[in-house]
$ cat structure.cif   # mmCIF, C-alpha atoms and all ligand atoms
data_coords
#
loop_
_atom_site.label_atom_id
_atom_site.label_comp_id
_atom_site.auth_asym_id
_atom_site.auth_seq_id
_atom_site.Cartn_x
_atom_site.Cartn_y
_atom_site.Cartn_z
CA MET A 1 2.06 -7.85 -10.38
CA PRO A 2 1.64 -4.07 -10.26
CA SER A 3 2.24 -2.31 -13.60
CA TYR A 4 4.42 0.78 -13.87
CA LYS A 5 2.17 3.84 -14.01
CA PRO A 6 3.75 6.76 -15.83
CA GLY A 7 2.82 10.33 -14.90
CA LYS A 8 -0.23 11.60 -16.77
CA ASP A 9 0.44 13.51 -19.98
CA ALA A 10 -0.75 17.16 -20.22
CA LYS A 11 -2.46 16.47 -23.59
CA GLN A 12 -4.32 13.49 -22.13
CA THR A 13 -5.60 15.67 -19.30
CA GLU A 14 -6.70 18.36 -21.77
CA ARG A 15 -8.68 15.77 -23.75
CA GLU A 16 -10.23 14.18 -20.67
CA LEU A 17 -11.28 17.42 -19.00
CA GLY A 18 -11.95 19.50 -22.13
CA ILE A 19 -9.40 22.14 -21.04
CA SER A 20 -6.42 23.73 -22.77
CA ASP A 21 -2.93 24.81 -21.68
CA ALA A 22 -2.42 22.03 -19.16
CA ILE A 23 1.09 21.67 -17.73
CA LYS A 24 2.70 18.42 -16.61
CA LEU A 25 4.45 18.47 -13.24
CA ALA A 26 3.97 14.74 -12.73
CA SER A 27 7.19 12.98 -13.75
CA ASN A 28 10.06 15.02 -12.31
CA GLU A 29 11.23 15.96 -15.78
CA ASN A 30 13.38 18.94 -16.64
CA PRO A 31 11.13 21.74 -17.99
CA MET A 32 13.90 22.93 -20.37
CA GLU A 33 14.92 21.14 -23.53
CA PRO A 34 18.54 19.95 -23.58
CA ILE A 35 21.30 22.53 -24.05
CA PRO A 36 22.17 23.26 -27.75
CA GLU A 37 25.49 21.39 -27.47
CA ILE A 38 23.59 18.17 -26.68
CA LEU A 39 21.11 18.67 -29.52
CA ALA A 40 24.03 19.27 -31.90
CA ALA A 41 25.77 16.09 -30.73
CA ILE A 42 22.59 14.08 -31.35
CA ALA A 43 22.12 15.62 -34.83
CA GLU A 44 25.70 14.71 -35.73
CA VAL A 45 25.20 10.97 -35.18
CA THR A 46 21.72 10.48 -36.65
CA SER A 47 23.10 9.78 -40.15
CA GLY A 48 24.86 6.74 -38.69
CA ILE A 49 21.87 5.07 -37.09
CA ASN A 50 21.62 2.39 -39.77
CA ARG A 51 24.46 0.83 -37.73
CA TYR A 52 24.10 -0.71 -34.29
CA ALA A 53 25.27 1.33 -31.34
CA ASP A 54 28.53 0.53 -29.55
CA HIS A 55 27.29 -2.20 -27.19
CA ARG A 56 30.01 -1.45 -24.63
CA ALA A 57 29.46 2.32 -24.97
CA THR A 58 33.25 2.58 -24.77
CA GLN A 59 33.62 6.34 -25.15
CA MET A 60 30.66 7.10 -22.92
CA ARG A 61 31.99 4.88 -20.12
CA GLN A 62 35.42 6.41 -20.42
CA THR A 63 33.96 9.94 -20.38
CA ILE A 64 31.86 9.23 -17.28
CA ALA A 65 34.74 7.48 -15.53
CA ASP A 66 37.08 10.46 -16.12
CA TRP A 67 34.34 12.86 -14.99
CA GLN A 68 33.78 10.93 -11.78
CA GLY A 69 37.47 10.24 -11.11
CA LEU A 70 37.01 6.45 -11.37
CA PRO A 71 38.76 3.71 -13.35
CA THR A 72 36.66 2.75 -16.42
CA ASP A 73 35.93 -0.75 -15.07
CA HIS A 74 34.02 0.91 -12.18
CA VAL A 75 31.36 2.31 -14.56
CA THR A 76 28.58 0.83 -16.65
CA VAL A 77 25.72 2.37 -18.60
CA GLY A 78 22.10 1.56 -19.34
CA ALA A 79 18.92 2.68 -21.06
CA GLY A 80 18.00 4.87 -18.12
CA SER A 81 18.98 4.17 -14.52
CA SER A 82 15.70 2.28 -14.12
CA ALA A 83 17.01 -0.28 -16.63
CA ILE A 84 20.19 -0.61 -14.56
CA LEU A 85 18.12 -1.19 -11.41
CA HIS A 86 16.27 -3.97 -13.23
CA ARG A 87 19.57 -5.49 -14.34
CA LEU A 88 20.87 -5.40 -10.76
CA VAL A 89 17.83 -7.28 -9.52
CA SER A 90 18.08 -9.82 -12.34
CA ALA A 91 21.83 -10.29 -11.73
CA TYR A 92 21.52 -10.92 -7.99
CA VAL A 93 18.02 -12.07 -7.03
CA ASP A 94 16.95 -15.71 -7.26
CA PRO A 95 13.39 -16.82 -6.45
CA GLY A 96 12.76 -16.42 -2.73
CA ASP A 97 15.64 -14.00 -2.13
CA GLU A 98 14.65 -10.90 -0.20
CA VAL A 99 14.89 -7.42 -1.66
CA LEU A 100 14.75 -4.79 1.04
CA TYR A 101 13.71 -1.16 0.55
CA PRO A 102 12.03 1.71 2.37
CA TRP A 103 8.42 2.30 1.49
CA ARG A 104 7.00 4.49 0.11
CA SER A 105 9.70 4.80 -2.52
CA PHE A 106 10.35 4.44 -6.24
CA GLU A 107 7.61 2.25 -7.61
CA VAL A 108 9.83 0.06 -9.80
CA TYR A 109 11.36 -1.67 -6.75
CA PRO A 110 8.32 -3.91 -6.10
CA ILE A 111 7.84 -4.47 -9.84
CA TYR A 112 11.41 -5.64 -10.46
CA THR A 113 11.40 -7.76 -7.29
CA GLY A 114 8.18 -9.45 -8.41
CA LEU A 115 9.49 -10.04 -11.94
CA LEU A 116 12.40 -12.04 -10.54
CA ASP A 117 10.22 -13.90 -7.99
CA GLY A 118 12.05 -12.16 -5.16
CA GLU A 119 10.42 -11.44 -1.81
CA PRO A 120 9.85 -7.74 -1.15
CA VAL A 121 10.61 -6.64 2.41
CA THR A 122 9.64 -3.05 3.12
CA VAL A 123 10.39 -0.71 6.00
CA PRO A 124 8.04 2.27 6.44
CA LEU A 125 9.44 5.77 6.12
CA VAL A 126 9.89 7.69 9.37
CA ALA A 127 9.06 11.38 9.03
CA GLU A 128 8.85 10.75 5.25
CA THR A 129 12.54 9.63 5.32
CA ALA A 130 14.19 6.25 4.74
CA ASP A 131 14.63 4.59 8.15
CA LEU A 132 18.23 3.32 7.98
CA ASP A 133 18.13 1.66 11.44
CA GLY A 134 14.83 0.00 10.53
CA LEU A 135 16.41 -1.33 7.33
CA LEU A 136 19.36 -2.78 9.26
CA ASP A 137 16.93 -4.53 11.64
CA ALA A 138 15.06 -6.00 8.67
CA ILE A 139 18.14 -7.69 7.12
CA SER A 140 17.87 -11.49 7.22
CA SER A 141 19.94 -14.38 5.93
CA LYS A 142 17.78 -14.20 2.76
CA THR A 143 18.46 -10.52 2.02
CA LYS A 144 20.26 -10.15 -1.33
CA LEU A 145 19.76 -6.54 -2.27
CA ILE A 146 18.88 -3.29 -0.49
CA MET A 147 17.59 -0.40 -2.60
CA ILE A 148 17.61 3.14 -1.28
CA ALA A 149 16.49 6.10 -3.39
CA ASN A 150 18.47 9.11 -2.19
CA PRO A 151 16.75 11.60 -2.44
CA ASN A 152 13.72 9.45 -1.91
CA ASN A 153 10.97 9.47 -4.52
CA PRO A 154 8.25 10.67 -3.79
CA THR A 155 9.21 12.51 -0.59
CA GLY A 156 12.49 14.19 -1.64
CA THR A 157 14.08 13.45 1.75
CA THR A 158 17.80 12.69 1.71
CA HIS A 159 20.52 11.11 3.84
CA THR A 160 24.10 12.33 3.85
CA ALA A 161 26.76 10.21 2.17
CA ASP A 162 28.32 9.77 5.64
CA ASP A 163 25.08 8.32 7.06
CA LEU A 164 24.81 5.97 4.10
CA SER A 165 28.44 4.99 4.53
CA SER A 166 27.83 4.06 8.20
CA PHE A 167 24.78 2.14 7.03
CA CYS A 168 26.84 0.20 4.47
CA ALA A 169 29.43 -0.59 7.15
CA ALA A 170 26.71 -2.35 9.19
CA VAL A 171 25.37 -4.38 6.22
CA PRO A 172 26.82 -7.89 5.68
CA ASP A 173 29.42 -7.96 2.90
CA ASP A 174 27.39 -10.34 0.74
CA VAL A 175 24.36 -8.04 0.57
CA ILE A 176 24.43 -5.49 -2.28
CA VAL A 177 23.41 -1.93 -1.35
CA VAL A 178 22.01 0.00 -4.33
CA ILE A 179 22.00 3.75 -3.84
CA ASP A 180 19.65 5.15 -6.45
CA GLU A 181 20.65 8.77 -7.03
CA ALA A 182 18.50 9.91 -9.95
CA TYR A 183 18.31 13.41 -8.44
CA PHE A 184 21.95 13.75 -7.31
CA GLU A 185 22.64 17.04 -9.13
CA PHE A 186 19.86 18.79 -7.20
CA VAL A 187 21.27 17.80 -3.78
CA GLU A 188 23.11 20.48 -1.81
CA PRO A 189 26.88 19.80 -1.48
CA ARG A 190 26.60 19.57 2.34
CA PHE A 191 25.06 16.07 1.87
CA GLY A 192 28.38 14.84 0.46
CA ASN A 193 28.98 12.64 -2.55
CA SER A 194 28.53 8.89 -2.29
CA VAL A 195 30.97 8.24 -5.16
CA THR A 196 33.89 9.82 -3.29
CA ASP A 197 32.69 9.41 0.33
CA LEU A 198 31.24 5.90 0.25
CA LEU A 199 32.20 3.75 -2.75
CA PRO A 200 35.96 3.53 -1.97
CA SER A 201 35.29 1.90 1.42
CA HIS A 202 32.28 -0.32 0.53
CA ARG A 203 32.79 -2.91 -2.20
CA ASN A 204 29.19 -4.12 -1.85
CA ALA A 205 27.71 -0.69 -2.68
CA VAL A 206 26.70 0.53 -6.13
CA VAL A 207 25.49 4.01 -7.06
CA THR A 208 23.11 4.60 -9.99
CA ARG A 209 22.59 7.98 -11.63
CA THR A 210 20.84 9.26 -14.73
CA PHE A 211 20.93 11.85 -17.49
CA SER A 212 17.11 12.05 -17.42
CA LYS A 213 16.63 14.76 -14.84
CA ALA A 214 19.36 17.43 -14.51
CA GLN A 215 20.52 16.98 -18.11
CA GLY A 216 16.97 16.77 -19.48
CA LEU A 217 17.45 13.54 -21.48
CA ALA A 218 14.46 11.61 -20.10
CA GLY A 219 13.17 10.80 -23.60
CA LEU A 220 16.51 9.34 -24.72
CA ARG A 221 16.88 6.80 -21.89
CA VAL A 222 20.42 6.99 -20.63
CA GLY A 223 21.82 6.31 -17.17
CA TYR A 224 24.91 4.84 -15.49
CA ALA A 225 26.13 2.92 -12.46
CA MET A 226 29.35 3.09 -10.48
CA GLY A 227 30.83 0.52 -8.15
CA ASP A 228 33.27 -2.34 -7.72
CA PRO A 229 34.23 -4.03 -11.02
CA GLU A 230 32.70 -7.29 -9.77
CA ILE A 231 29.26 -5.67 -9.49
CA ILE A 232 29.75 -3.73 -12.73
CA THR A 233 30.56 -6.99 -14.54
CA ALA A 234 27.41 -8.59 -13.13
CA ILE A 235 25.31 -5.68 -14.36
CA ASP A 236 27.00 -5.88 -17.77
CA LYS A 237 26.06 -9.54 -18.14
CA THR A 238 22.38 -8.64 -17.94
CA GLN A 239 22.50 -5.90 -20.57
CA LEU A 240 20.34 -6.41 -23.64
CA PRO A 241 22.37 -6.01 -26.84
CA PHE A 242 22.92 -2.38 -27.90
CA ALA A 243 20.56 -1.11 -25.19
CA VAL A 244 21.93 2.44 -25.12
CA SER A 245 21.33 3.94 -28.56
CA THR A 246 23.95 5.88 -30.52
CA PRO A 247 22.16 9.25 -30.05
CA SER A 248 21.85 8.54 -26.32
CA GLN A 249 25.58 7.84 -26.01
CA ALA A 250 26.47 10.98 -27.99
CA ALA A 251 24.09 13.07 -25.86
CA ALA A 252 25.50 11.73 -22.60
CA ILE A 253 29.08 12.49 -23.69
CA ALA A 254 28.09 16.05 -24.67
CA ALA A 255 26.26 16.47 -21.35
CA VAL A 256 29.43 15.57 -19.43
CA GLN A 257 31.55 17.85 -21.63
CA HIS A 258 29.20 20.75 -20.89
CA ALA A 259 28.45 19.95 -17.26
CA ASP A 260 29.14 23.58 -16.28
CA LYS A 261 26.26 24.83 -18.45
CA ILE A 262 23.94 22.21 -17.00
CA ALA A 263 24.95 23.23 -13.47
CA VAL A 264 23.62 26.75 -14.16
CA ARG A 265 20.21 25.32 -15.09
CA VAL A 266 20.21 23.02 -12.10
CA ALA A 267 20.92 26.02 -9.86
CA SER A 268 17.83 27.78 -11.23
CA ILE A 269 15.64 24.78 -10.38
CA VAL A 270 17.18 24.52 -6.91
CA ALA A 271 16.44 28.22 -6.33
CA GLU A 272 12.85 27.72 -7.51
CA ARG A 273 12.53 24.72 -5.16
CA ALA A 274 13.41 26.93 -2.19
CA ARG A 275 11.00 29.66 -3.30
CA VAL A 276 8.11 27.25 -3.88
CA ILE A 277 8.57 25.30 -0.65
CA ASP A 278 8.91 28.50 1.42
CA GLU A 279 5.71 29.80 -0.12
CA VAL A 280 3.72 26.63 0.56
CA ARG A 281 5.04 26.42 4.12
CA SER A 282 4.00 30.05 4.67
CA TRP A 283 0.39 28.86 4.26
CA GLY A 284 0.89 26.54 7.24
CA VAL A 285 1.24 23.40 5.09
CA ASP A 286 3.70 20.67 6.09
CA VAL A 287 6.31 20.09 3.36
CA PRO A 288 9.20 17.67 4.01
CA ASP A 289 12.65 19.02 3.10
CA SER A 290 13.36 18.11 -0.51
CA GLN A 291 16.75 17.80 -2.16
CA ALA A 292 15.23 16.78 -5.50
CA ASN A 293 13.51 18.60 -8.38
CA PHE A 294 10.11 17.96 -6.78
CA PHE A 295 8.38 18.30 -3.43
CA TYR A 296 5.83 16.22 -1.60
CA LEU A 297 2.65 17.13 0.22
CA PRO A 298 1.70 14.43 2.73
CA LEU A 299 -2.00 15.37 2.67
CA GLY A 300 -3.43 11.95 3.54
CA GLU A 301 -7.15 11.71 2.75
CA ARG A 302 -7.21 15.20 1.22
CA SER A 303 -4.70 14.20 -1.45
CA ASN A 304 -7.18 12.96 -4.05
CA ASP A 305 -9.29 16.14 -3.87
CA VAL A 306 -6.24 18.41 -4.08
CA PHE A 307 -4.90 16.44 -7.04
CA ALA A 308 -8.28 16.61 -8.85
CA SER A 309 -8.76 20.31 -8.17
CA MET A 310 -5.29 21.16 -9.50
CA GLU A 311 -5.93 18.98 -12.53
CA ARG A 312 -9.12 20.91 -13.31
CA ASP A 313 -6.95 24.03 -13.24
CA GLY A 314 -4.68 22.39 -15.82
CA VAL A 315 -1.83 21.51 -13.44
CA VAL A 316 -1.09 17.80 -13.63
CA THR A 317 0.72 16.43 -10.55
CA ARG A 318 1.33 12.92 -9.23
CA LEU A 319 -1.19 11.44 -6.84
CA PHE A 320 -0.35 8.77 -4.27
CA ASP A 321 -3.81 7.55 -3.43
CA GLN A 322 -4.96 8.84 -0.02
CA LEU A 323 -1.33 9.50 0.93
CA GLY A 324 0.09 12.53 -0.79
CA VAL A 325 0.73 14.59 -3.90
CA ARG A 326 4.14 14.95 -5.56
CA ILE A 327 4.82 18.06 -7.61
CA THR A 328 7.74 18.66 -9.99
CA ILE A 329 9.60 21.98 -9.74
CA SER A 330 9.46 23.71 -13.13
CA THR A 331 10.15 27.18 -14.57
CA ALA A 332 9.16 30.23 -12.50
CA ASP A 333 6.06 30.82 -14.68
CA GLU A 334 4.83 27.25 -14.38
CA ASN A 335 5.60 27.21 -10.68
CA ASP A 336 3.49 30.35 -10.24
CA ARG A 337 0.60 28.65 -12.02
CA MET A 338 1.08 25.60 -9.84
CA LEU A 339 1.15 27.68 -6.64
CA ALA A 340 -2.09 29.44 -7.58
CA ALA A 341 -3.77 26.10 -8.36
CA LEU A 342 -2.46 24.52 -5.17
CA LYS A 343 -3.56 27.42 -2.99
CA GLY A 344 -7.03 27.25 -4.53
CA ALA A 345 -7.15 23.48 -4.04
CA LEU A 346 -6.09 23.65 -0.41
C1 LIG A 401 14.35 7.36 -7.60
C2 LIG A 401 14.41 7.21 -9.08
N1 LIG A 401 15.32 6.40 -9.61
C3 LIG A 401 15.41 6.20 -10.93
C4 LIG A 401 14.56 6.86 -11.79
C5 LIG A 401 14.62 6.49 -13.23
O1 LIG A 401 15.22 7.36 -14.03
P1 LIG A 401 15.68 6.94 -15.51
O2 LIG A 401 15.27 5.54 -15.77
O3 LIG A 401 14.98 7.90 -16.40
O4 LIG A 401 17.16 7.08 -15.50
C6 LIG A 401 13.59 7.71 -11.30
C7 LIG A 401 12.66 8.38 -12.22
O5 LIG A 401 11.72 9.03 -11.91
C8 LIG A 401 13.51 7.89 -9.90
O6 LIG A 401 12.59 8.69 -9.35
#

$ encode --input "structure.cif" --output "structure tokens" --more "lines below"
Ligand SMILES: Cc1ncc(COP(=O)(O)O)c(C=O)c1O
Amino acid sequence: MPSYKPGKDAKQTERELGISDAIKLASNENPMEPIPEILAAIAEVTSGINRYADHRATQMRQTIADWQGLPTDHVTVGAGSSAILHRLVSAYVDPGDEVLYPWRSFEVYPIYTGLLDGEPVTVPLVAETADLDGLLDAISSKTKLIMIANPNNPTGTTHTADDLSSFCAAVPDDVIVVIDEAYFEFVEPRFGNSVTDLLPSHRNAVVTRTFSKAQGLAGLRVGYAMGDPEIITAIDKTQLPFAVSTPSQAAAIAAVQHADKIAVRVASIVAERARVIDEVRSWGVDVPDSQANFFYLPLGERSNDVFASMERDGVVTRLFDQLGVRITISTADENDRMLAALKGAL
């Protein structure tokens, strides 16, 4: 079994290399702390944390459902969307069932599949992008679940909701298609919205999203899933008691209530993404289009050296051994530091 490897902490790098002022661009986090309205909502509930949280997260579900224009029974919540992905695998996968996903992709897919004794079936990326035709060809009578990160982690490449809808139409009805949209808020509107463009016509599809990235609540662990009530009920059955804490629920509700403020911050990261990628491409480096809050450098054998050189300059990125380097988009100042370190490394 592989273990989940979190991005390296800036402080850990400082200790290891005897440097100071390291910055972490390794985990696709939001560089800004949550908006004041979210911090206030958390502060308001902390005096009540001697009590268990609302297991059903009633108000949070209702708030998300209204926000997304869905009936409440089409929504469930979890301690991060990665917990919901785990619950989906545990709800649907019996030993020997196949779980199909593009590779390289989010590293929890093989871990969760292995934990449930499922059989991983992977389809290589084409041009760093999930190969939807290849996935269709790989479906067998044992396929239970298909997981597609959209945008893909680590490459940032993205399919339109229409393409994914055509994909779902070609998948047998008894195979669940999980569309993992942790970076949805950073995706340009021209890619469509799977909740409105895909879910109504595909009862076997489920969309997962998170408050970790755009809303900056990674440390609180709060995510949600949307889909047919039958799938939502299955996910609910696998929820550990009180998994989403009271402060997490309060923060998520405040984040939805102040979505307009969060959109302004997201726009600044999206603008920085364009600036950074344009700059790196101007050096003649290949960078796949990214719709997420990170970009990917498919540097192959050079990856480890580039990663190490940037780390010595105090810029911690994410290395995919001998394959590539993934770098989180941050504030303009941190991005400038990153660009200088990357240029030097290259
Ligand atoms: C593709 C993808 N899905 C899900 C997640 C998990 O997010 P969380 O569990 O914080 O909601 C991540 C986090 O990096 C991710 O990259």

$ closest_residue --input "structure.cif" --among "A:Arg326, A:His159, A:Arg209, A:Arg51" --to "Glu181 (chain A)" --atoms "all atoms listed in the file"
A:Arg209

$ closest_residue --input "structure.cif" --among "A:Ile231, A:Val178, A:Ala138, A:Ala254" --to "ligand LIG 401 (chain A)" --atoms "all atoms listed in the file"
A:Val178

$ axis_aligned_box --input "structure.cif" --around "region 41-59 of chain A" --padding-each-side "4 Å" --output "AutoDock Vina command-line options"
--center_x 27.6 --center_y 6.9 --center_z -32.4 --size_x 20.0 --size_y 26.3 --size_z 23.5

$ atom_distance --input "structure.cif" --atom1 "CA of Val264 (chain A)" --atom2 "CA of Lys8 (chain A)"
28.4 Å

$ residues_near_point --input "structure.cif" --point "(0.9, 9.9, 2.3)" --cutoff "12 Å" --atoms "all atoms listed in the file" --output "JSON, numbers by chain"
{"A": [103, 104, 105, 124, 125, 126, 127, 128, 154, 155, 286, 287, 288, 296, 297, 298, 299, 300, 301, 302, 303, 304, 318, 319, 320, 321, 322, 323, 324, 325, 326]}

$ residues_near_ligand --input "structure.cif" --ligand "ligand LIG 401 (chain A)" --cutoff "9 Å" --atoms "only C-alpha atoms and all ligand atoms" --output "mmCIF file with C-alpha atoms, in the coordinates of the input"
data_model
loop_
_atom_site.group_PDB
_atom_site.id
_atom_site.type_symbol
_atom_site.label_atom_id
_atom_site.label_comp_id
_atom_site.auth_asym_id
_atom_site.auth_seq_id
_atom_site.Cartn_x
_atom_site.Cartn_y
_atom_site.Cartn_z
ATOM 1 C CA SER A 27 7.190 12.980 -13.750
ATOM 2 C CA ASN A 28 10.060 15.020 -12.310
ATOM 3 C CA GLU A 29 11.230 15.960 -15.780
ATOM 4 C CA GLY A 78 22.100 1.560 -19.340
ATOM 5 C CA ALA A 79 18.920 2.680 -21.060
ATOM 6 C CA GLY A 80 18.000 4.870 -18.120
ATOM 7 C CA SER A 81 18.980 4.170 -14.520
ATOM 8 C CA SER A 82 15.700 2.280 -14.120
ATOM 9 C CA ALA A 83 17.010 -0.280 -16.630
ATOM 10 C CA ILE A 84 20.190 -0.610 -14.560
ATOM 11 C CA LEU A 85 18.120 -1.190 -11.410
ATOM 12 C CA SER A 105 9.700 4.800 -2.520
ATOM 13 C CA PHE A 106 10.350 4.440 -6.240
ATOM 14 C CA GLU A 107 7.610 2.250 -7.610
ATOM 15 C CA VAL A 108 9.830 0.060 -9.800
ATOM 16 C CA ILE A 148 17.610 3.140 -1.280
ATOM 17 C CA ALA A 149 16.490 6.100 -3.390
ATOM 18 C CA ASN A 150 18.470 9.110 -2.190
ATOM 19 C CA PRO A 151 16.750 11.600 -2.440
ATOM 20 C CA ASN A 152 13.720 9.450 -1.910
ATOM 21 C CA ASN A 153 10.970 9.470 -4.520
ATOM 22 C CA PRO A 154 8.250 10.670 -3.790
ATOM 23 C CA ASP A 180 19.650 5.150 -6.450
ATOM 24 C CA GLU A 181 20.650 8.770 -7.030
ATOM 25 C CA ALA A 182 18.500 9.910 -9.950
ATOM 26 C CA TYR A 183 18.310 13.410 -8.440
ATOM 27 C CA THR A 208 23.110 4.600 -9.990
ATOM 28 C CA ARG A 209 22.590 7.980 -11.630
ATOM 29 C CA THR A 210 20.840 9.260 -14.730
ATOM 30 C CA PHE A 211 20.930 11.850 -17.490
ATOM 31 C CA SER A 212 17.110 12.050 -17.420
ATOM 32 C CA LYS A 213 16.630 14.760 -14.840
ATOM 33 C CA LEU A 217 17.450 13.540 -21.480
ATOM 34 C CA ALA A 218 14.460 11.610 -20.100
ATOM 35 C CA GLY A 219 13.170 10.800 -23.600
ATOM 36 C CA LEU A 220 16.510 9.340 -24.720
ATOM 37 C CA ARG A 221 16.880 6.800 -21.890
ATOM 38 C CA VAL A 222 20.420 6.990 -20.630
ATOM 39 C CA GLY A 223 21.820 6.310 -17.170
ATOM 40 C CA TYR A 224 24.910 4.840 -15.490
#

$ closest_residue --input "structure.cif" --among "A:Leu339, A:Leu136, A:Met1, A:Met226" --to "Pro200 (chain A)" --atoms "only C-alpha atoms"
A:Met226

$ closest_residue --input "structure.cif" --among "A:Val187, A:Asp289, A:Val315, A:Pro172" --to "Ser140 (chain A)" --atoms "all atoms listed in the file"
A:Pro172

$ atom_distance --input "structure.cif" --atom1 "CA of Glu14 (chain A)" --atom2 "CA of Leu39 (chain A)"
28.9 Å

$ closest_residue --input "structure.cif" --among "A:Arg56, A:Arg281, A:Arg312, A:Arg275" --to "Asp336 (chain A)" --atoms "only C-alpha atoms"
A:Arg275

$ atom_distance --input "structure.cif" --atom1 "CA of Ile327 (chain A)" --atom2 "CA of Glu16 (chain A)"
20.3 Å

$ closest_residue --input "structure.cif" --among "A:Ala26, A:Leu145, A:Ile329, A:Val171" --to "Arg273 (chain A)" --atoms "only C-alpha atoms"
A:Ile329

$ residues_around --input "structure.cif" --residues "Gln239 (chain A)" --least-positions-apart "4" --cutoff "7 Å" --atoms "all atoms listed in the file" --output "number ranges by chain"
A: 87, 235, 243

$ write_last_selection --input "structure.cif" --atoms "C-alpha atoms" --output "short mmCIF file (atom, residue, chain, number, x, y, z; two decimals), in the frame of the given file"
data_model
loop_
_atom_site.label_atom_id
_atom_site.label_comp_id
_atom_site.auth_asym_id
_atom_site.auth_seq_id
_atom_site.Cartn_x
_atom_site.Cartn_y
_atom_site.Cartn_z
CA ARG A 87 19.57 -5.49 -14.34
CA ILE A 235 25.31 -5.68 -14.36
CA ALA A 243 20.56 -1.11 -25.19
#

$ residues_near_point --input "structure.cif" --point "(9.5, -10.1, -9.8)" --cutoff "12 Å" --atoms "only C-alpha atoms" --output "list of chain:residue names"
A:Met1, A:Pro2, A:Ser3, A:His86, A:Arg87, A:Val89, A:Ser90, A:Val93, A:Asp94, A:Pro95, A:Gly96, A:Asp97, A:Glu98, A:Val99, A:Val108, A:Tyr109, A:Pro110, A:Ile111, A:Tyr112, A:Thr113, A:Gly114, A:Leu115, A:Leu116, A:Asp117, A:Gly118, A:Glu119, A:Pro120

$ residues_around --input "structure.cif" --residues "Asp137 (chain A)" --least-positions-apart "6" --cutoff "12 Å" --atoms "only C-alpha atoms" --output "PyMOL selection string"
chain A and resi 100+121-123+131+143+167+170-171

$ residues_around --input "structure.cif" --residues "Thr196 (chain A)" --least-positions-apart "5" --cutoff "10 Å" --atoms "all atoms listed in the file" --output "JSON, numbers by chain"
{"A": [68, 69, 70, 161, 201]}

$ residues_around --input "structure.cif" --residues "Ala255 (chain A)" --least-positions-apart "3" --cutoff "7 Å" --atoms "only C-alpha atoms" --output "list in words"
Ile38, Gln215, Ala251, Ala252, His258 and Ala259 of chain A

$ decode --input "structure.cif" --residues "region 269-310 of chain A" --atoms "C-alpha atoms" --output "PDB file, in the first residue's frame"
ATOM      1  CA  ILE A 269      -5.168  33.956  -8.304  1.00  0.00           C
ATOM      2  CA  VAL A 270      -6.517  33.266 -11.797  1.00  0.00           C
ATOM      3  CA  ALA A 271      -4.860  36.471 -13.047  1.00  0.00           C
ATOM      4  CA  GLU A 272      -1.581  35.456 -11.396  1.00  0.00           C
ATOM      5  CA  ARG A 273      -1.862  32.012 -13.014  1.00  0.00           C
ATOM      6  CA  ALA A 274      -1.993  33.620 -16.459  1.00  0.00           C
ATOM      7  CA  ARG A 275       0.937  35.922 -15.682  1.00  0.00           C
ATOM      8  CA  VAL A 276       3.115  33.118 -14.294  1.00  0.00           C
ATOM      9  CA  ILE A 277       2.386  30.634 -17.077  1.00  0.00           C
ATOM     10  CA  ASP A 278       2.957  33.274 -19.789  1.00  0.00           C
ATOM     11  CA  GLU A 279       6.287  34.131 -18.206  1.00  0.00           C
ATOM     12  CA  VAL A 280       7.474  30.527 -17.982  1.00  0.00           C
ATOM     13  CA  ARG A 281       6.361  29.813 -21.548  1.00  0.00           C
ATOM     14  CA  SER A 282       8.282  32.891 -22.723  1.00  0.00           C
ATOM     15  CA  TRP A 283      11.458  31.041 -21.662  1.00  0.00           C
ATOM     16  CA  GLY A 284      10.584  28.276 -24.134  1.00  0.00           C
ATOM     17  CA  VAL A 285       9.354  25.873 -21.431  1.00  0.00           C
ATOM     18  CA  ASP A 286       6.367  23.614 -22.115  1.00  0.00           C
ATOM     19  CA  VAL A 287       3.536  24.270 -19.634  1.00  0.00           C
ATOM     20  CA  PRO A 288       0.190  22.485 -20.089  1.00  0.00           C
ATOM     21  CA  ASP A 289      -2.877  24.750 -19.872  1.00  0.00           C
ATOM     22  CA  SER A 290      -4.002  24.873 -16.251  1.00  0.00           C
ATOM     23  CA  GLN A 291      -7.452  25.717 -14.972  1.00  0.00           C
ATOM     24  CA  ALA A 292      -6.434  25.170 -11.336  1.00  0.00           C
ATOM     25  CA  ASN A 293      -4.494  27.166  -8.725  1.00  0.00           C
ATOM     26  CA  PHE A 294      -1.268  25.434  -9.769  1.00  0.00           C
ATOM     27  CA  PHE A 295       0.693  24.599 -12.901  1.00  0.00           C
ATOM     28  CA  TYR A 296       2.761  21.636 -13.958  1.00  0.00           C
ATOM     29  CA  LEU A 297       6.165  21.368 -15.561  1.00  0.00           C
ATOM     30  CA  PRO A 298       6.582  18.018 -17.330  1.00  0.00           C
ATOM     31  CA  LEU A 299      10.386  18.096 -17.049  1.00  0.00           C
ATOM     32  CA  GLY A 300      10.989  14.337 -17.020  1.00  0.00           C
ATOM     33  CA  GLU A 301      14.485  13.446 -15.790  1.00  0.00           C
ATOM     34  CA  ARG A 302      15.298  17.087 -15.013  1.00  0.00           C
ATOM     35  CA  SER A 303      12.467  17.324 -12.498  1.00  0.00           C
ATOM     36  CA  ASN A 304      14.410  16.183  -9.439  1.00  0.00           C
ATOM     37  CA  ASP A 305      17.234  18.675 -10.031  1.00  0.00           C
ATOM     38  CA  VAL A 306      14.832  21.561 -10.648  1.00  0.00           C
ATOM     39  CA  PHE A 307      12.877  20.675  -7.510  1.00  0.00           C
ATOM     40  CA  ALA A 308      16.081  20.482  -5.409  1.00  0.00           C
ATOM     41  CA  SER A 309      17.491  23.733  -6.779  1.00  0.00           C
ATOM     42  CA  MET A 310      14.259  25.617  -6.053  1.00  0.00           C
TER      43      MET A 310
END
